[in-house]
Every structure is written in C-alpha cells, then in structure tokens.
file run-v6.pdb (PDB, C-alpha atoms)
ATOM      1  CA  MET A   1     -43.985  28.064  34.739  1.00  0.00           C
ATOM      2  CA  HIS A   2     -42.814  28.386  31.157  1.00  0.00           C
ATOM      3  CA  GLY A   3     -39.217  27.683  32.272  1.00  0.00           C
ATOM      4  CA  ASP A   4     -40.310  24.612  34.254  1.00  0.00           C
ATOM      5  CA  LYS A   5     -42.137  23.277  31.206  1.00  0.00           C
ATOM      6  CA  MET A   6     -39.065  23.750  28.986  1.00  0.00           C
ATOM      7  CA  GLU A   7     -36.893  21.985  31.564  1.00  0.00           C
ATOM      8  CA  LYS A   8     -39.320  19.057  31.709  1.00  0.00           C
ATOM      9  CA  ASN A   9     -39.345  18.810  27.907  1.00  0.00           C
ATOM     10  CA  GLU A  10     -35.536  18.887  27.840  1.00  0.00           C
ATOM     11  CA  ASN A  11     -35.328  16.165  30.515  1.00  0.00           C
ATOM     12  CA  TYR A  12     -37.765  14.049  28.523  1.00  0.00           C
ATOM     13  CA  LYS A  13     -35.638  14.460  25.376  1.00  0.00           C
ATOM     14  CA  ASN A  14     -32.471  13.524  27.250  1.00  0.00           C
ATOM     15  CA  LYS A  15     -34.149  10.464  28.711  1.00  0.00           C
ATOM     16  CA  GLU A  16     -35.478   9.513  25.274  1.00  0.00           C
ATOM     17  CA  ASN A  17     -32.011   9.901  23.712  1.00  0.00           C
ATOM     18  CA  THR A  18     -30.431   7.828  26.457  1.00  0.00           C
ATOM     19  CA  GLU A  19     -32.882   5.030  25.844  1.00  0.00           C
ATOM     20  CA  ILE A  20     -32.135   5.124  22.118  1.00  0.00           C
ATOM     21  CA  ILE A  21     -28.397   4.949  22.760  1.00  0.00           C
ATOM     22  CA  ASN A  22     -28.769   2.067  25.170  1.00  0.00           C
ATOM     23  CA  ASP A  23     -30.793   0.213  22.554  1.00  0.00           C
ATOM     24  CA  ASP A  24     -27.752   0.199  20.273  1.00  0.00           C
ATOM     25  CA  PRO A  25     -26.386  -3.386  20.576  1.00  0.00           C
ATOM     26  CA  ALA A  26     -22.840  -2.132  20.036  1.00  0.00           C
ATOM     27  CA  LEU A  27     -23.124  -0.030  23.193  1.00  0.00           C
ATOM     28  CA  ARG A  28     -24.426  -2.795  25.421  1.00  0.00           C
ATOM     29  CA  PHE A  29     -21.343  -3.686  27.402  1.00  0.00           C
ATOM     30  CA  ASP A  30     -22.469  -7.260  27.932  1.00  0.00           C
ATOM     31  CA  ALA A  31     -19.329  -9.218  27.002  1.00  0.00           C
ATOM     32  CA  PHE A  32     -16.722 -10.640  29.357  1.00  0.00           C
ATOM     33  CA  MET A  33     -13.633  -8.426  29.458  1.00  0.00           C
ATOM     34  CA  GLY A  34     -11.013 -10.833  30.803  1.00  0.00           C
ATOM     35  CA  GLY A  35      -7.863 -10.623  28.689  1.00  0.00           C
ATOM     36  CA  VAL A  36      -9.102  -7.554  26.777  1.00  0.00           C
ATOM     37  CA  LYS A  37      -7.097  -4.325  26.694  1.00  0.00           C
ATOM     38  CA  ASP A  38      -8.452  -0.765  26.451  1.00  0.00           C
ATOM     39  CA  GLY A  39     -10.021  -0.219  23.054  1.00  0.00           C
ATOM     40  CA  GLY A  40     -11.086  -3.858  22.771  1.00  0.00           C
ATOM     41  CA  LEU A  41     -14.653  -4.943  22.081  1.00  0.00           C
ATOM     42  CA  ARG A  42     -17.084  -4.947  24.994  1.00  0.00           C
ATOM     43  CA  SER A  43     -20.350  -6.052  23.403  1.00  0.00           C
ATOM     44  CA  VAL A  44     -21.437  -9.488  22.208  1.00  0.00           C
ATOM     45  CA  SER A  45     -22.880  -8.073  18.985  1.00  0.00           C
ATOM     46  CA  SER A  46     -19.682  -6.198  18.110  1.00  0.00           C
ATOM     47  CA  ILE A  47     -17.660  -9.387  18.580  1.00  0.00           C
ATOM     48  CA  SER A  48     -20.048 -11.237  16.265  1.00  0.00           C
ATOM     49  CA  ILE A  49     -19.680  -8.466  13.663  1.00  0.00           C
ATOM     50  CA  LEU A  50     -15.898  -8.695  13.976  1.00  0.00           C
ATOM     51  CA  VAL A  51     -15.914 -12.451  13.320  1.00  0.00           C
ATOM     52  CA  ASN A  52     -18.097 -11.890  10.249  1.00  0.00           C
ATOM     53  CA  TYR A  53     -15.787  -9.110   9.081  1.00  0.00           C
ATOM     54  CA  ILE A  54     -12.660 -11.270   9.407  1.00  0.00           C
ATOM     55  CA  VAL A  55     -14.221 -14.247   7.625  1.00  0.00           C
ATOM     56  CA  ALA A  56     -15.635 -12.019   4.858  1.00  0.00           C
ATOM     57  CA  ASN A  57     -12.186 -10.531   4.195  1.00  0.00           C
ATOM     58  CA  LEU A  58     -10.281 -13.828   4.415  1.00  0.00           C
ATOM     59  CA  ASN A  59     -12.966 -16.095   3.006  1.00  0.00           C
ATOM     60  CA  GLY A  60     -11.851 -19.734   2.978  1.00  0.00           C
ATOM     61  CA  LYS A  61      -8.378 -18.850   4.275  1.00  0.00           C
ATOM     62  CA  VAL A  62      -8.968 -18.639   8.014  1.00  0.00           C
ATOM     63  CA  THR A  63      -9.999 -21.099  10.722  1.00  0.00           C
ATOM     64  CA  ALA A  64     -11.720 -20.633  14.072  1.00  0.00           C
ATOM     65  CA  GLU A  65      -8.487 -21.539  15.840  1.00  0.00           C
ATOM     66  CA  ILE A  66      -6.560 -18.820  13.991  1.00  0.00           C
ATOM     67  CA  ILE A  67      -9.192 -16.146  14.724  1.00  0.00           C
ATOM     68  CA  ILE A  68      -9.231 -17.045  18.412  1.00  0.00           C
ATOM     69  CA  LYS A  69      -5.444 -17.116  18.605  1.00  0.00           C
ATOM     70  CA  ALA A  70      -5.168 -13.743  16.851  1.00  0.00           C
ATOM     71  CA  MET A  71      -7.743 -12.081  19.105  1.00  0.00           C
ATOM     72  CA  ASP A  72      -6.009 -13.488  22.183  1.00  0.00           C
ATOM     73  CA  GLU A  73      -2.680 -12.131  20.969  1.00  0.00           C
ATOM     74  CA  GLY A  74      -4.110  -8.709  20.178  1.00  0.00           C
ATOM     75  CA  MET A  75      -6.317  -8.676  23.286  1.00  0.00           C
ATOM     76  CA  LEU A  76      -9.172  -7.318  21.147  1.00  0.00           C
ATOM     77  CA  ALA A  77     -11.896  -9.578  22.535  1.00  0.00           C
ATOM     78  CA  ASN A  78     -12.406 -12.122  25.282  1.00  0.00           C
ATOM     79  CA  HIS A  79     -11.385 -15.697  24.423  1.00  0.00           C
ATOM     80  CA  PHE A  80     -14.725 -17.186  25.487  1.00  0.00           C
ATOM     81  CA  GLU A  81     -16.762 -14.530  23.664  1.00  0.00           C
ATOM     82  CA  ILE A  82     -14.884 -15.024  20.371  1.00  0.00           C
ATOM     83  CA  SER A  83     -15.261 -18.816  20.619  1.00  0.00           C
ATOM     84  CA  ASN A  84     -18.964 -18.464  21.399  1.00  0.00           C
ATOM     85  CA  ALA A  85     -19.545 -16.002  18.547  1.00  0.00           C
ATOM     86  CA  ILE A  86     -17.928 -18.336  16.015  1.00  0.00           C
ATOM     87  CA  SER A  87     -19.991 -21.303  17.230  1.00  0.00           C
ATOM     88  CA  LYS A  88     -23.247 -19.338  17.016  1.00  0.00           C
ATOM     89  CA  LEU A  89     -22.477 -18.053  13.515  1.00  0.00           C
ATOM     90  CA  ILE A  90     -21.712 -21.595  12.328  1.00  0.00           C
ATOM     91  CA  ASP A  91     -24.883 -22.936  13.971  1.00  0.00           C
ATOM     92  CA  SER A  92     -26.981 -20.202  12.321  1.00  0.00           C
ATOM     93  CA  GLY A  93     -25.481 -20.908   8.900  1.00  0.00           C
ATOM     94  CA  THR A  94     -24.072 -17.390   8.547  1.00  0.00           C
ATOM     95  CA  ILE A  95     -20.625 -18.914   8.171  1.00  0.00           C
ATOM     96  CA  THR A  96     -19.711 -22.462   7.221  1.00  0.00           C
ATOM     97  CA  GLU A  97     -16.788 -24.599   8.338  1.00  0.00           C
ATOM     98  CA  ALA A  98     -15.136 -26.924   5.829  1.00  0.00           C
ATOM     99  CA  GLU A  99     -13.601 -30.290   6.705  1.00  0.00           C
ATOM    100  CA  ASP A 100     -10.162 -28.691   6.971  1.00  0.00           C
ATOM    101  CA  GLY A 101     -11.558 -26.040   9.355  1.00  0.00           C
ATOM    102  CA  ALA A 102     -11.587 -23.181   6.826  1.00  0.00           C
ATOM    103  CA  LEU A 103     -14.407 -20.704   7.413  1.00  0.00           C
ATOM    104  CA  SER A 104     -16.498 -19.111   4.671  1.00  0.00           C
ATOM    105  CA  ILE A 105     -19.320 -16.591   4.827  1.00  0.00           C
ATOM    106  CA  ASN A 106     -22.575 -16.981   2.895  1.00  0.00           C
ATOM    107  CA  ASP A 107     -23.816 -14.400   0.378  1.00  0.00           C
ATOM    108  CA  GLY A 108     -26.270 -12.919   2.864  1.00  0.00           C
ATOM    109  CA  GLY A 109     -23.483 -12.468   5.392  1.00  0.00           C
ATOM    110  CA  LYS A 110     -21.295 -10.719   2.801  1.00  0.00           C
ATOM    111  CA  ALA A 111     -24.086  -8.300   1.951  1.00  0.00           C
ATOM    112  CA  SER A 112     -24.882  -7.488   5.575  1.00  0.00           C
ATOM    113  CA  ILE A 113     -21.255  -7.019   6.637  1.00  0.00           C
ATOM    114  CA  GLU A 114     -20.869  -4.233   4.067  1.00  0.00           C
ATOM    115  CA  LEU A 115     -23.663  -2.381   5.848  1.00  0.00           C
ATOM    116  CA  ILE A 116     -22.591  -2.922   9.455  1.00  0.00           C
ATOM    117  CA  GLU A 117     -18.784  -3.158   9.362  1.00  0.00           C
ATOM    118  CA  LYS A 118     -18.520   0.584  10.044  1.00  0.00           C
ATOM    119  CA  ASP A 119     -20.077  -0.069  13.441  1.00  0.00           C
ATOM    120  CA  LEU A 120     -16.632  -1.412  14.353  1.00  0.00           C
ATOM    121  CA  PRO A 121     -13.834   1.072  15.090  1.00  0.00           C
ATOM    122  CA  TYR A 122     -11.470   1.387  12.124  1.00  0.00           C
ATOM    123  CA  THR A 123      -8.460   0.567  14.305  1.00  0.00           C
ATOM    124  CA  VAL A 124     -10.115  -2.682  15.449  1.00  0.00           C
ATOM    125  CA  ARG A 125     -10.917  -3.685  11.859  1.00  0.00           C
ATOM    126  CA  GLU A 126      -7.416  -2.929  10.617  1.00  0.00           C
ATOM    127  CA  ARG A 127      -5.626  -4.534  13.551  1.00  0.00           C
ATOM    128  CA  SER A 128      -7.784  -7.678  13.513  1.00  0.00           C
ATOM    129  CA  ILE A 129      -6.974  -8.413   9.859  1.00  0.00           C
ATOM    130  CA  LYS A 130      -3.253  -7.806  10.397  1.00  0.00           C
ATOM    131  CA  LEU A 131      -3.207 -10.079  13.454  1.00  0.00           C
ATOM    132  CA  VAL A 132      -5.009 -12.882  11.622  1.00  0.00           C
ATOM    133  CA  GLN A 133      -2.757 -12.573   8.564  1.00  0.00           C
ATOM    134  CA  LYS A 134       0.275 -12.736  10.847  1.00  0.00           C
ATOM    135  CA  ILE A 135      -0.979 -15.945  12.484  1.00  0.00           C
ATOM    136  CA  ILE A 136      -1.803 -17.476   9.076  1.00  0.00           C
ATOM    137  CA  ALA A 137       1.698 -16.686   7.839  1.00  0.00           C
ATOM    138  CA  LYS A 138       3.277 -18.116  10.959  1.00  0.00           C
ATOM    139  CA  GLU A 139       1.228 -21.319  10.711  1.00  0.00           C
ATOM    140  CA  THR A 140       2.270 -21.680   7.061  1.00  0.00           C
ATOM    141  CA  TYR A 141       5.910 -21.148   7.971  1.00  0.00           C
ATOM    142  CA  ARG A 142       5.630 -23.728  10.747  1.00  0.00           C
ATOM    143  CA  ARG A 143       4.434 -26.321   8.239  1.00  0.00           C
ATOM    144  CA  GLU A 144       7.028 -25.494   5.598  1.00  0.00           C
ATOM    145  CA  ASN A 145      10.069 -24.703   7.765  1.00  0.00           C
ATOM    146  CA  GLU A 146      11.629 -26.645  10.582  1.00  0.00           C
ATOM    147  CA  VAL A 147      13.039 -25.407  13.866  1.00  0.00           C
ATOM    148  CA  THR A 148      14.445 -27.601  16.612  1.00  0.00           C
ATOM    149  CA  ILE A 149      16.086 -26.774  19.912  1.00  0.00           C
ATOM    150  CA  GLU A 150      18.610 -29.125  21.482  1.00  0.00           C
ATOM    151  CA  LYS A 151      20.703 -28.969  24.627  1.00  0.00           C
ATOM    152  CA  TYR A 152      24.406 -28.623  23.918  1.00  0.00           C
ATOM    153  CA  LYS A 153      26.722 -28.642  26.926  1.00  0.00           C
ATOM    154  CA  ASP A 154      25.796 -25.559  28.976  1.00  0.00           C
ATOM    155  CA  ALA A 155      23.871 -23.872  26.151  1.00  0.00           C
ATOM    156  CA  TYR A 156      21.171 -24.541  23.568  1.00  0.00           C
ATOM    157  CA  ARG A 157      21.469 -24.950  19.828  1.00  0.00           C
ATOM    158  CA  VAL A 158      18.636 -23.713  17.612  1.00  0.00           C
ATOM    159  CA  ASN A 159      18.586 -25.498  14.253  1.00  0.00           C
ATOM    160  CA  MET A 160      16.627 -23.716  11.529  1.00  0.00           C
ATOM    161  CA  LYS A 161      15.728 -24.851   8.039  1.00  0.00           C
ATOM    162  CA  ILE A 162      14.047 -22.970   5.208  1.00  0.00           C
ATOM    163  CA  ALA A 163      12.470 -25.289   2.656  1.00  0.00           C
ATOM    164  CA  ASP A 164       9.452 -26.144   0.589  1.00  0.00           C
ATOM    165  CA  GLU A 165       8.158 -29.571  -0.358  1.00  0.00           C
ATOM    166  CA  ASN A 166      10.959 -30.381  -2.768  1.00  0.00           C
ATOM    167  CA  LEU A 167      13.936 -28.207  -1.909  1.00  0.00           C
ATOM    168  CA  GLU A 168      15.915 -27.109   1.136  1.00  0.00           C
ATOM    169  CA  TYR A 169      17.062 -23.520   0.567  1.00  0.00           C
ATOM    170  CA  LEU A 170      19.028 -22.835   3.729  1.00  0.00           C
ATOM    171  CA  SER A 171      19.840 -24.511   7.019  1.00  0.00           C
ATOM    172  CA  PHE A 172      21.822 -23.036   9.876  1.00  0.00           C
ATOM    173  CA  SER A 173      22.261 -23.160  13.647  1.00  0.00           C
ATOM    174  CA  MET A 174      22.565 -20.545  16.373  1.00  0.00           C
ATOM    175  CA  PHE A 175      23.611 -20.949  19.979  1.00  0.00           C
ATOM    176  CA  ALA A 176      21.713 -19.425  22.888  1.00  0.00           C
ATOM    177  CA  PRO A 177      22.817 -19.338  26.543  1.00  0.00           C
ATOM    178  CA  SER A 178      19.324 -20.090  27.890  1.00  0.00           C
ATOM    179  CA  ILE A 179      16.192 -21.938  26.835  1.00  0.00           C
ATOM    180  CA  GLU A 180      14.266 -18.636  26.967  1.00  0.00           C
ATOM    181  CA  GLN A 181      16.575 -17.045  24.402  1.00  0.00           C
ATOM    182  CA  ALA A 182      16.458 -20.194  22.279  1.00  0.00           C
ATOM    183  CA  GLU A 183      12.652 -20.019  22.231  1.00  0.00           C
ATOM    184  CA  THR A 184      12.817 -16.322  21.308  1.00  0.00           C
ATOM    185  CA  ILE A 185      15.096 -17.108  18.347  1.00  0.00           C
ATOM    186  CA  LYS A 186      12.723 -19.853  17.256  1.00  0.00           C
ATOM    187  CA  GLU A 187       9.649 -17.590  17.374  1.00  0.00           C
ATOM    188  CA  ARG A 188      11.412 -14.705  15.603  1.00  0.00           C
ATOM    189  CA  PHE A 189      12.549 -17.062  12.854  1.00  0.00           C
ATOM    190  CA  LEU A 190       9.060 -18.530  12.372  1.00  0.00           C
ATOM    191  CA  THR A 191       7.517 -15.059  12.230  1.00  0.00           C
ATOM    192  CA  ASP A 192       9.340 -14.360   8.962  1.00  0.00           C
ATOM    193  CA  PRO A 193      11.826 -16.999   7.686  1.00  0.00           C
ATOM    194  CA  VAL A 194      12.005 -15.236   4.323  1.00  0.00           C
ATOM    195  CA  LYS A 195      13.479 -12.184   6.056  1.00  0.00           C
ATOM    196  CA  PHE A 196      16.208 -14.394   7.549  1.00  0.00           C
ATOM    197  CA  TYR A 197      16.926 -15.846   4.118  1.00  0.00           C
ATOM    198  CA  ASP A 198      17.026 -12.436   2.437  1.00  0.00           C
ATOM    199  CA  THR A 199      19.357 -11.081   5.131  1.00  0.00           C
ATOM    200  CA  VAL A 200      21.832 -13.909   4.592  1.00  0.00           C
ATOM    201  CA  ILE A 201      21.719 -13.591   0.791  1.00  0.00           C
ATOM    202  CA  ASN A 202      22.090  -9.815   0.924  1.00  0.00           C
ATOM    203  CA  ALA A 203      25.054 -10.135   3.303  1.00  0.00           C
ATOM    204  CA  ILE A 204      26.783 -12.631   0.985  1.00  0.00           C
ATOM    205  CA  PHE A 205      26.427 -10.423  -2.080  1.00  0.00           C
ATOM    206  CA  ALA A 206      26.664  -7.040  -0.347  1.00  0.00           C
ATOM    207  CA  ASN A 207      30.148  -6.199  -1.695  1.00  0.00           C
ATOM    208  CA  GLU A 208      29.511  -7.270  -5.260  1.00  0.00           C
ATOM    209  CA  GLU A 209      29.416  -4.477  -7.838  1.00  0.00           C
TER
END

call {"tool": "encode", "arguments": {"input": "run-v6.pdb", "output": "structure tokens"}}
result
Amino acid sequence: MHGDKMEKNENYKNKENTEIINDDPALRFDAFMGGVKDGGLRSVSSISILVNYIVANLNGKVTAEIIIKAMDEGMLANHFEISNAISKLIDSGTITEAEDGALSINDGGKASIELIEKDLPYTVRERSIKLVQKIIAKETYRRENEVTIEKYKDAYRVNMKIADENLEYLSFSMFAPSIEQAETIKERFLTDPVKFYDTVINAIFANEE
C-alpha cells in the first residue's frame, strides 16, 4: 500500500511538472515550420521575442523587410510568422516604424527584452544579428555600388563599380560563360565590395618594399 501511494504521488508530480512545462510559451510549438531548419524557432512567442531582440540591438537601423529577408536566408523562423510578429508588435506600440521603414523599440520593450532574451537560444540570438547585419551591409552596398550584367557574344560581362556619392574609386569588368556564374559574381561582389577593392590594391602594391 505504501509503495502504491508513493507511486501515485510521483505520478502526480510528473503530471504537475508536465503541465508547468507546457505552460511555458516558448515550448508551445504553435508556429508554422515551413522554410525553417532544425534549431529554428517553433513557437509564436519566441519569434516575437526574437523580433524585439533584433530591433533592440539595431534600434533605428533595421526595417521589417530586412528582418524578414534575414530570417528567410537563415531559415530561423517561418516567413509568415516573422511578418505577423512584426505587424503585431507595431500595432501594440512595442516597436514603432518610421517613415523610411526603420524600426525602433520603446523604453518598455528595451527593459523587458533584457529580462526575456535568455529565453532564446544563444546560437539563434548570435546568428540572427549576424544575418541582419549582413543584409543591411548588402543593401547599403547595393545603393552605393553599381553592378550590371550584359550579354557579350557567347558570354556575359559583369561590370562592377565601387563609389560613394562624389567619387568613383574603382571600376572593372569580368567575363562569365553563363548567366548563373555572372549572377554569382554579382552577388559575391555586393556582399563585400570593400574586400574586392582591398584585394586589388594589395595586389598592386604587393611587391613594394
């Protein structure tokens, strides 16, 4: 009898613990998972926390479009869920959207994110910021640097230009045998034009003492 009573008490505790765990919003797997890889976010609340975390860390420097694009690229959260989370946070006033699309978080949001950001896996936090920063850099490079692809006989010519508003630093062309390779060259260049520029400069002055 005593053993049966202990077993019943243990079952009750296990049931109670299970209910507590299931009440954790981060463990409610209620988000769509299309386009999300293993390790991505599976709960609506976690996705909302992630949006808050990104905006809090890049306050006024990130747009909804960039966050969505970054999460799609990293496959960290479902496209629809990220879009929905951003809309809800704007509607609630937790984050605000400026005329140019830049997102900012209010003081209450900043305070709360410090308390709940650890509910997100460290790898997700780190990777999300890196992905967003990469997209921001690429968008900046797209505005400041020009890349065109043109058909040339049986190949393609990729014309690249590194410049700012007032000065053109470097322009050059590369040939590619296919449109796919031309597009790859274009994307690699736009990912980090400064690296291209530094490589050329270093090659020119490599033999100088």

call {"tool": "atom_distance", "arguments": {"input": "run-v6.pdb", "atom1": "CA of Met33 (chain A)", "atom2": "CA of Glu114 (chain A)"}}
result
26.7 Å

call {"tool": "residues_around", "arguments": {"input": "run-v6.pdb", "residues": "region 116-125 of chain A", "least_positions_apart": "6", "cutoff": "10 Å", "atoms": "only C-alpha atoms", "output": "list of chain:residue names"}}
result
A:Ala26, A:Gly39, A:Gly40, A:Leu41, A:Ser46, A:Ile47, A:Ile49, A:Leu50, A:Asn52, A:Tyr53, A:Ile54, A:Gly74, A:Leu76

call {"tool": "resolve_selection", "arguments": {"input": "run-v6.pdb", "expression": "the PyMOL selection byres ((chain A and resi 55) around 12)", "output": "PyMOL selection string"}}
result
chain A and resi 48-54+56-64+66-67+86+89-90+94-97+102-106+109-110+113+125+128-129+132-133

call {"tool": "resolve_selection", "arguments": {"input": "run-v6.pdb", "expression": "the PyMOL selection byres ((chain A and resi 145-160) around 8)", "output": "VMD selection string"}}
result
chain A and resid 141 to 144 161 to 164 171 to 179 182 to 183 185 to 186 189 to 190 193

call {"tool": "write_last_selection", "arguments": {"input": "run-v6.pdb", "atoms": "C-alpha atoms", "output": "PDB file, in the coordinates of the input"}}
result
ATOM      1  CA  TYR A 141       5.910 -21.148   7.971  1.00  0.00           C
ATOM      2  CA  ARG A 142       5.630 -23.728  10.747  1.00  0.00           C
ATOM      3  CA  ARG A 143       4.434 -26.321   8.239  1.00  0.00           C
ATOM      4  CA  GLU A 144       7.028 -25.494   5.598  1.00  0.00           C
ATOM      5  CA  LYS A 161      15.728 -24.851   8.039  1.00  0.00           C
ATOM      6  CA  ILE A 162      14.047 -22.970   5.208  1.00  0.00           C
ATOM      7  CA  ALA A 163      12.470 -25.289   2.656  1.00  0.00           C
ATOM      8  CA  ASP A 164       9.452 -26.144   0.589  1.00  0.00           C
ATOM      9  CA  SER A 171      19.840 -24.511   7.019  1.00  0.00           C
ATOM     10  CA  PHE A 172      21.822 -23.036   9.876  1.00  0.00           C
ATOM     11  CA  SER A 173      22.261 -23.160  13.647  1.00  0.00           C
ATOM     12  CA  MET A 174      22.565 -20.545  16.373  1.00  0.00           C
ATOM     13  CA  PHE A 175      23.611 -20.949  19.979  1.00  0.00           C
ATOM     14  CA  ALA A 176      21.713 -19.425  22.888  1.00  0.00           C
ATOM     15  CA  PRO A 177      22.817 -19.338  26.543  1.00  0.00           C
ATOM     16  CA  SER A 178      19.324 -20.090  27.890  1.00  0.00           C
ATOM     17  CA  ILE A 179      16.192 -21.938  26.835  1.00  0.00           C
ATOM     18  CA  ALA A 182      16.458 -20.194  22.279  1.00  0.00           C
ATOM     19  CA  GLU A 183      12.652 -20.019  22.231  1.00  0.00           C
ATOM     20  CA  ILE A 185      15.096 -17.108  18.347  1.00  0.00           C
ATOM     21  CA  LYS A 186      12.723 -19.853  17.256  1.00  0.00           C
ATOM     22  CA  PHE A 189      12.549 -17.062  12.854  1.00  0.00           C
ATOM     23  CA  LEU A 190       9.060 -18.530  12.372  1.00  0.00           C
ATOM     24  CA  PRO A 193      11.826 -16.999   7.686  1.00  0.00           C
TER      25      PRO A 193
END

call {"tool": "atom_distance", "arguments": {"input": "run-v6.pdb", "atom1": "CA of Gly108 (chain A)", "atom2": "CA of Lys134 (chain A)"}}
result
27.7 Å

call {"tool": "atom_distance", "arguments": {"input": "run-v6.pdb", "atom1": "CA of Val44 (chain A)", "atom2": "CA of Asp91 (chain A)"}}
result
16.1 Å

call {"tool": "axis_aligned_box", "arguments": {"input": "run-v6.pdb", "around": "region 173-190 of chain A", "padding_each_side": "4 Å", "output": "JSON"}}
result
{"center_x": 16.3, "center_y": -18.9, "center_z": 20.1, "size_x": 22.6, "size_y": 16.5, "size_z": 23.5}

call {"tool": "build_atoms", "arguments": {"input": "run-v6.pdb", "residues": "region 139-157 of chain A", "atoms": "N, CA and C atoms", "output": "mmCIF file, keeping the file's coordinate frame"}}
result
data_model
loop_
_atom_site.group_PDB
_atom_site.id
_atom_site.type_symbol
_atom_site.label_atom_id
_atom_site.label_comp_id
_atom_site.auth_asym_id
_atom_site.auth_seq_id
_atom_site.Cartn_x
_atom_site.Cartn_y
_atom_site.Cartn_z
ATOM 1 N N GLU A 139 1.636 -19.916 10.806
ATOM 2 C CA GLU A 139 1.228 -21.319 10.711
ATOM 3 C C GLU A 139 1.742 -21.953 9.426
ATOM 4 N N THR A 140 1.738 -21.187 8.336
ATOM 5 C CA THR A 140 2.270 -21.680 7.061
ATOM 6 C C THR A 140 3.763 -21.941 7.179
ATOM 7 N N TYR A 141 4.464 -20.989 7.789
ATOM 8 C CA TYR A 141 5.910 -21.148 7.971
ATOM 9 C C TYR A 141 6.231 -22.348 8.857
ATOM 10 N N ARG A 142 5.397 -22.583 9.861
ATOM 11 C CA ARG A 142 5.630 -23.728 10.747
ATOM 12 C C ARG A 142 5.526 -25.042 9.980
ATOM 13 N N ARG A 143 4.598 -25.099 9.031
ATOM 14 C CA ARG A 143 4.434 -26.321 8.239
ATOM 15 C C ARG A 143 5.585 -26.504 7.250
ATOM 16 N N GLU A 144 6.058 -25.395 6.678
ATOM 17 C CA GLU A 144 7.028 -25.494 5.598
ATOM 18 C C GLU A 144 8.468 -25.418 6.078
ATOM 19 N N ASN A 145 8.703 -24.878 7.261
ATOM 20 C CA ASN A 145 10.069 -24.703 7.765
ATOM 21 C C ASN A 145 10.214 -25.371 9.134
ATOM 22 N N GLU A 146 11.400 -25.844 9.378
ATOM 23 C CA GLU A 146 11.629 -26.645 10.582
ATOM 24 C C GLU A 146 12.562 -25.939 11.553
ATOM 25 N N VAL A 147 12.189 -25.961 12.813
ATOM 26 C CA VAL A 147 13.039 -25.407 13.866
ATOM 27 C C VAL A 147 13.084 -26.393 15.024
ATOM 28 N N THR A 148 14.289 -26.725 15.445
ATOM 29 C CA THR A 148 14.445 -27.601 16.612
ATOM 30 C C THR A 148 15.407 -26.957 17.599
ATOM 31 N N ILE A 149 15.192 -27.262 18.852
ATOM 32 C CA ILE A 149 16.086 -26.774 19.912
ATOM 33 C C ILE A 149 16.656 -27.985 20.632
ATOM 34 N N GLU A 150 17.982 -28.007 20.777
ATOM 35 C CA GLU A 150 18.610 -29.125 21.482
ATOM 36 C C GLU A 150 19.639 -28.610 22.476
ATOM 37 N N LYS A 151 19.733 -29.323 23.588
ATOM 38 C CA LYS A 151 20.703 -28.969 24.627
ATOM 39 C C LYS A 151 22.088 -29.317 24.138
ATOM 40 N N TYR A 152 23.022 -28.380 24.324
ATOM 41 C CA TYR A 152 24.406 -28.623 23.918
ATOM 42 C C TYR A 152 25.329 -28.087 25.004
ATOM 43 N N LYS A 153 25.872 -29.010 25.787
ATOM 44 C CA LYS A 153 26.722 -28.642 26.926
ATOM 45 C C LYS A 153 25.949 -27.697 27.847
ATOM 46 N N ASP A 154 26.466 -26.485 28.069
ATOM 47 C CA ASP A 154 25.796 -25.559 28.976
ATOM 48 C C ASP A 154 24.914 -24.555 28.231
ATOM 49 N N ALA A 155 24.664 -24.810 26.943
ATOM 50 C CA ALA A 155 23.871 -23.872 26.151
ATOM 51 C C ALA A 155 22.819 -24.638 25.345
ATOM 52 N N TYR A 156 22.197 -23.942 24.418
ATOM 53 C CA TYR A 156 21.171 -24.541 23.568
ATOM 54 C C TYR A 156 21.456 -24.199 22.112
ATOM 55 N N ARG A 157 21.257 -25.170 21.253
ATOM 56 C CA ARG A 157 21.469 -24.950 19.828
ATOM 57 C C ARG A 157 20.102 -24.934 19.130
#
